[in-house]
Amino acid sequence: MTMETADGATPILLVDDDPSSLAVLRANLSGHGYRIFIARNGEDALKLVHREHPLVVLLDVMMPGMDGYETCRRLKEDPETAGAAVIFLSGLGETRDKVHGLAAGAVDFITKPFQGDEVVARVNAHATIQRLQRKLEALIVDLARELAVAQQLLSESRQRVEGPLLGNSAAVRALREMISQHAATTEPLLLTGTHGAGHEAVARAIHDASSRRQHAFLHVNCGLLSGTGPGLLPTTSGEKQPMSLFEMADHGTLYLEEAQRLPAEIQDRLAGVLAEGNRWDVRLIAYSPAATGFDPKLAVQLEVRQLRVPSLAERAEDISELARFFVEQHARRVGSVVQGIAEESLNRLRKYRWPGGVQELQSLLERAVTSAQGVLVEVDPALLDEGLPLGSYRLMEKLGEGGMGEVWRARHHLLARPCAVKLIKSQLLGDENRKETLERFRREAKTIARLNSPNTVTLYDFGVSETGNPYFVMELLEGMDLFSLVGRFGALPPERAVHVLQQACRSLAEAHGAGVIHRDIKPQNLFLCRLGVDYDLVKVLDFGLACSFREEDDHITRAGALTGTPAYMPPERATGEEADERSDLYSLGCVAFYMLTGEPIFAGDPMAVMLKHVRTAPRVPSAVAKQRIPEELDRIVLMCLEKSPEKRPASALELWRQLSASSVSGQWTPESAERWWREHAPSPARSGAEESASANSLPNLGRG
């Protein structure tokens with residue numbers, strides 16, 4: 001039913017056989033936003049209510065033919081008209097008359113002679129109640145629809161992840177038994193085991209088997225948490241903040257994938273929340289390949305209950321059942337005519353080692369279903385040659401995924417040397433200028449491949465996959481990016497920060513000399529690694545956003561496109577002005593501030609941060625840091641952070657000279673670095689290319 005007429009007025013119906021009463025009612029109610037309909041008897045009233053759907057019906061009791069009581073009774077018996085609010089108007093003032101009217105379904109009773117103000121007030125009140133009630137009913141319908149959709153999506157999600165728990169091997173039977181045991185508890189649980197074993201499926205199965213199954217199950221990839229989305233934990237400040245993921249999971253389950261990658265500060269806060277008694281009633285399930293890499297306080301919480309999920313190699317007898325399930329499931333999802341998998345292919349699957357676990361099996365079979373030519377899936381033997389084929393390389397293990405693409409640990413067909421392969425996401429290439437974009441990638445790859453500074457990640461190769469996606473092949477490093485290091489161990493001492501900055505300058509000096517601007521210098525792209533007997537060797541990553549500022553063919557390089565990360569973006573790029581190599585030095589100044597203080601130079605949402613880069617004077621590092629910073633280092637950092645490029649150091653070499661002349665230069669010795677690494681030994685080791693898939697980067701594809 002509608003609540004308003006076409007002109008926006010609220011429809012009401014006046015029913016009375018007395019013309020004078022109708023005239024008085026009309027006069028009193030006119031001008032109050034009502035569209036008034038008139039009926040002189042009960043039969044006409046029923047017809048009008050069906051046609052006009054009034055919110056309120058003012059109904060006389062004593063009328064010829066059908067009286068008001070009978071009219072009201074019939075209105076309330078009909079589902080189409082039962083929602084109208086009926087107010088009786090009558091000279092009958094006895095209590096029994098009012099009771100009779102209310103019993104017939106009326107909501108109010110006004111005794112004649114009536115006061116105009118009283119009639120208006122009561123009609124206004126009941127019209128408002130009717131509007132609210134009908135809005136509530138519409139909202140309930142919408143919520144019911146949304147709930148049905150959510151339940152359908154949840155059902156589909158459960159079906160997609162239930163595969164890893166199929167089978168009848170001893171290992172999976174024991175796993176299902178452990179799932180039942182852990183579902184009966186509420187203590188934090190740590191899942192361990194190799195990547196791809198089906199940890200999310202185990203976490204969901206525990207949730208679904210518990211008393212929390214009617215509440216939320218939130219899956220959080222800790223490696224992809226960013227400052228732009230909801231925070232993991234409730235804020236400790238007094239300011240009103242968006243609801244955190246922890247609060248969203250109240251009465252449900254919070255699953256933390258790669259929990260060991262949480263910054264040290266968040267791990268410490270999480271341990272505190274769990275120790276306080278978990279007043280949000282959240283069941284925490286975390287996954288880490290091993291029970292290492294945690295803050296000591298959090299480790300105590302997670303060591304109580306652990307569950308190791310067996311790898312696919314440990315339950316090889318389940319492969320046939322799993323394979324059939326994944327084939328049938330994906331065939332239904334994509335509408336394929338595939339009905340099963342060839343026996344010869346099943347034999348190949350049983351003999352394979354499955355380094356990528358259940359996830360690798362599922363991914364392989366989904367691709368096989370998509371490319372199948374008949375009703376039986378045939379698995380290409382080449383796909384089972386230890387990794388997924390890509391040109392001359394085999395992708396062995398996915399290391400990371402973000403805004404630009406995926407990064408894999410890989411190896412060459414003929415060479416034993418491991419490498420990292422970065423696959424660019426197809427949607428970043430666009431459709432209209434795909435050819436030009438691929439040409440730009442090729443040209444920039446050639447430029448970057450000529451860089452040979454020991455502080456620049458080495459680019460081995462560039463290619464385009466069979467599906468038309470470009471990929472970069474880089475050296476594989478072991479260590480930790482600067483963002484993770486500061487997040488885990490706190491601000492760097494000035495002497496170590498200078499040591500890092502000097503190496504970054506050497507990388508940028510060579511790149512700038514070759515006409516290449518990096519355009520995305522940030523802590524995630526400065527990687528500290530151990531290489532042979534060298535410790536704290538800095539590698540500058542992700543020249544994938546680089547452009548040549550000497551390139552004449554501008555329609556390919558698109559040097560004016562907005563790229564980079566807002567927290568480290570120089571003012572001239574934030575305003576769309578032309579940038580040169582001194583833009584990288586501004587970003588390096590932001591990195592220096594972060595290293596020395598443990599805080600970004602500006603905070604807020606991305607647009608607000610970019611505006612601050614343009615308008616707000618930077619803070620002095622020593623005024624923020626919880627350690628002593630030499631005045632000369634303050635001066636160097638602030639010089640890099642000048643709004644005008646002309647006031648910054650003239651080049652990366654000039655900045656390197658200023659850093660080398662500082663009093664703390666050389667104080668971070670090889671012995672200091674080796675001692676730190678032996679004491680802290682960042683674990684698990686991370687690929688130096690992994691952060692190249694950072695979701696915070698804006699790809700240089702002409703998109704703002």
# chains A, B, ... in the order shown; residues from 1 in each chain; ligands from 1
>>> residues_around(residues="Val327 (chain A)", least_positions_apart="2", cutoff="8 Å", atoms="only C-alpha atoms", output="PyMOL selection string")
chain A and resi 323-325+329-331+338-341+365-366+369+377
>>> write_last_selection(atoms="C-alpha atoms", output="PDB file, in the first residue's frame")
ATOM      1  CA  ALA A 323      39.430 -34.189  -7.224  1.00  0.00           C
ATOM      2  CA  ARG A 324      35.942 -35.408  -8.122  1.00  0.00           C
ATOM      3  CA  PHE A 325      34.395 -32.927  -5.695  1.00  0.00           C
ATOM      4  CA  GLN A 329      31.586 -28.218  -7.960  1.00  0.00           C
ATOM      5  CA  HIS A 330      33.317 -25.960 -10.490  1.00  0.00           C
ATOM      6  CA  ALA A 331      31.425 -27.489 -13.424  1.00  0.00           C
ATOM      7  CA  VAL A 338      31.914 -31.790 -17.613  1.00  0.00           C
ATOM      8  CA  GLN A 339      30.717 -34.795 -15.629  1.00  0.00           C
ATOM      9  CA  GLY A 340      33.920 -36.188 -14.149  1.00  0.00           C
ATOM     10  CA  ILE A 341      37.649 -36.699 -14.474  1.00  0.00           C
ATOM     11  CA  LEU A 365      41.204 -28.656 -11.552  1.00  0.00           C
ATOM     12  CA  GLU A 366      39.180 -25.454 -11.930  1.00  0.00           C
ATOM     13  CA  VAL A 369      37.303 -27.746 -16.143  1.00  0.00           C
ATOM     14  CA  VAL A 377      38.467 -33.552 -17.519  1.00  0.00           C
TER      15      VAL A 377
END
>>> residues_around(residues="Ala121 (chain A)", least_positions_apart="3", cutoff="12 Å", atoms="only C-alpha atoms", output="list in words")
Asn28, Leu29, His32, Asp108, Ile110, Phe114, Gln115, Gly116, Asp117, Glu118, Asn124, Ala125, His126, Ala127 and Thr128 of chain A
>>> residues_around(residues="Leu364 (chain A)", least_positions_apart="2", cutoff="10 Å", atoms="only C-alpha atoms", output="list of chain:residue names")
A:Ala323, A:Phe326, A:Val327, A:Val358, A:Gln359, A:Glu360, A:Leu361, A:Gln362, A:Glu366, A:Arg367, A:Ala368, A:Val369, A:Val379, A:Asp380, A:Leu383, A:Leu384, A:Leu388
>>> write_last_selection(atoms="C-alpha atoms", output="PDB file, in the first residue's frame")
ATOM      1  CA  ALA A 323      39.430 -34.189  -7.224  1.00  0.00           C
ATOM      2  CA  PHE A 326      36.320 -29.923  -7.101  1.00  0.00           C
ATOM      3  CA  VAL A 327      35.551 -30.916 -10.713  1.00  0.00           C
ATOM      4  CA  VAL A 358      44.603 -28.699  -1.413  1.00  0.00           C
ATOM      5  CA  GLN A 359      44.501 -25.155  -2.788  1.00  0.00           C
ATOM      6  CA  GLU A 360      46.856 -26.128  -5.613  1.00  0.00           C
ATOM      7  CA  LEU A 361      44.690 -29.168  -6.436  1.00  0.00           C
ATOM      8  CA  GLN A 362      41.534 -27.058  -6.495  1.00  0.00           C
ATOM      9  CA  GLU A 366      39.180 -25.454 -11.930  1.00  0.00           C
ATOM     10  CA  ARG A 367      41.431 -24.419 -14.825  1.00  0.00           C
ATOM     11  CA  ALA A 368      41.126 -27.917 -16.290  1.00  0.00           C
ATOM     12  CA  VAL A 369      37.303 -27.746 -16.143  1.00  0.00           C
ATOM     13  CA  VAL A 379      44.862 -32.994 -16.704  1.00  0.00           C
ATOM     14  CA  ASP A 380      47.869 -31.957 -18.779  1.00  0.00           C
ATOM     15  CA  LEU A 383      50.837 -28.934 -15.145  1.00  0.00           C
ATOM     16  CA  LEU A 384      52.119 -31.472 -12.625  1.00  0.00           C
ATOM     17  CA  LEU A 388      52.448 -23.987 -12.695  1.00  0.00           C
TER      18      LEU A 388
END
>>> residues_around(residues="Gly33 (chain A)", least_positions_apart="2", cutoff="12 Å", atoms="only C-alpha atoms", output="mmCIF file with C-alpha atoms, in the first residue's frame")
data_model
loop_
_atom_site.group_PDB
_atom_site.id
_atom_site.type_symbol
_atom_site.label_atom_id
_atom_site.label_comp_id
_atom_site.auth_asym_id
_atom_site.auth_seq_id
_atom_site.Cartn_x
_atom_site.Cartn_y
_atom_site.Cartn_z
ATOM 1 C CA GLU A 4 1.193 9.183 0.009
ATOM 2 C CA THR A 5 -0.764 10.293 -3.048
ATOM 3 C CA ASP A 7 1.102 15.030 -4.946
ATOM 4 C CA GLY A 8 2.857 13.925 -1.740
ATOM 5 C CA ALA A 9 -0.164 14.355 0.548
ATOM 6 C CA THR A 10 -1.235 11.695 3.034
ATOM 7 C CA PRO A 11 -4.628 10.140 2.118
ATOM 8 C CA ILE A 12 -7.368 10.011 4.780
ATOM 9 C CA ASN A 28 -10.352 21.376 10.400
ATOM 10 C CA LEU A 29 -8.087 18.943 8.521
ATOM 11 C CA SER A 30 -7.414 21.073 5.447
ATOM 12 C CA GLY A 31 -3.940 22.601 5.273
ATOM 13 C CA ARG A 35 -5.641 14.573 0.814
ATOM 14 C CA ILE A 36 -9.220 14.048 1.977
ATOM 15 C CA VAL A 120 -6.286 17.229 14.091
ATOM 16 C CA VAL A 123 -5.315 12.216 13.181
ATOM 17 C CA ASN A 124 -1.728 13.522 13.097
ATOM 18 C CA ALA A 127 -1.056 9.040 10.650
ATOM 19 C CA THR A 128 2.496 9.282 12.013
#
>>> residues_around(residues="Glu77 (chain A)", least_positions_apart="5", cutoff="10 Å", atoms="only C-alpha atoms", output="ChimeraX atom specification")
/A:72,82,104-105
>>> closest_residue(among="A:Tyr568, A:Tyr69, A:Trp280, A:Trp354", to="Asp250 (chain A)", atoms="only C-alpha atoms")
A:Trp280
>>> residues_around(residues="Leu102 (chain A)", least_positions_apart="5", cutoff="10 Å", atoms="only C-alpha atoms", output="MDAnalysis selection string")
chainID A and resid 69 72 86:88 96:97 107:109
>>> write_last_selection(atoms="N, CA and C atoms", output="PDB file, in the first residue's frame")
ATOM      1  N   TYR A  69     -19.644   0.067  13.066  1.00  0.00           N
ATOM      2  CA  TYR A  69     -19.022  -1.124  13.644  1.00  0.00           C
ATOM      3  C   TYR A  69     -18.840  -2.209  12.582  1.00  0.00           C
ATOM      4  N   CYS A  72     -16.117  -1.209  10.084  1.00  0.00           N
ATOM      5  CA  CYS A  72     -14.781  -1.411  10.660  1.00  0.00           C
ATOM      6  C   CYS A  72     -14.426  -2.892  10.664  1.00  0.00           C
ATOM      7  N   VAL A  86      -8.452   3.103  12.091  1.00  0.00           N
ATOM      8  CA  VAL A  86      -9.852   3.546  12.160  1.00  0.00           C
ATOM      9  C   VAL A  86     -10.072   4.312  13.461  1.00  0.00           C
ATOM     10  N   ILE A  87     -10.596   5.548  13.315  1.00  0.00           N
ATOM     11  CA  ILE A  87     -10.972   6.368  14.469  1.00  0.00           C
ATOM     12  C   ILE A  87     -12.488   6.581  14.395  1.00  0.00           C
ATOM     13  N   PHE A  88     -13.210   6.121  15.432  1.00  0.00           N
ATOM     14  CA  PHE A  88     -14.661   6.285  15.450  1.00  0.00           C
ATOM     15  C   PHE A  88     -15.030   7.705  15.861  1.00  0.00           C
ATOM     16  N   ARG A  96     -19.310   1.359  27.117  1.00  0.00           N
ATOM     17  CA  ARG A  96     -19.542   0.129  26.357  1.00  0.00           C
ATOM     18  C   ARG A  96     -19.475   0.385  24.850  1.00  0.00           C
ATOM     19  N   ASP A  97     -19.878   1.623  24.421  1.00  0.00           N
ATOM     20  CA  ASP A  97     -19.806   1.952  22.999  1.00  0.00           C
ATOM     21  C   ASP A  97     -18.347   2.026  22.543  1.00  0.00           C
ATOM     22  N   VAL A 107      -8.667   2.180  16.538  1.00  0.00           N
ATOM     23  CA  VAL A 107      -7.520   2.560  17.370  1.00  0.00           C
ATOM     24  C   VAL A 107      -7.856   3.733  18.278  1.00  0.00           C
ATOM     25  N   ASP A 108      -9.009   4.395  18.031  1.00  0.00           N
ATOM     26  CA  ASP A 108      -9.340   5.567  18.839  1.00  0.00           C
ATOM     27  C   ASP A 108     -10.840   5.829  18.726  1.00  0.00           C
ATOM     28  N   PHE A 109     -11.348   6.698  19.612  1.00  0.00           N
ATOM     29  CA  PHE A 109     -12.792   6.987  19.670  1.00  0.00           C
ATOM     30  C   PHE A 109     -12.931   8.451  20.064  1.00  0.00           C
TER      31      PHE A 109
END
>>> select_by_dssp(residues="region 17-246 of chain A", states="helix (DSSP H, G or I)", output="VMD selection string")
chain A and resid 19 to 29 42 to 52 68 to 77 95 to 103 116 to 161 163 to 165 170 to 183 199 to 208 222 to 224 245 to 246
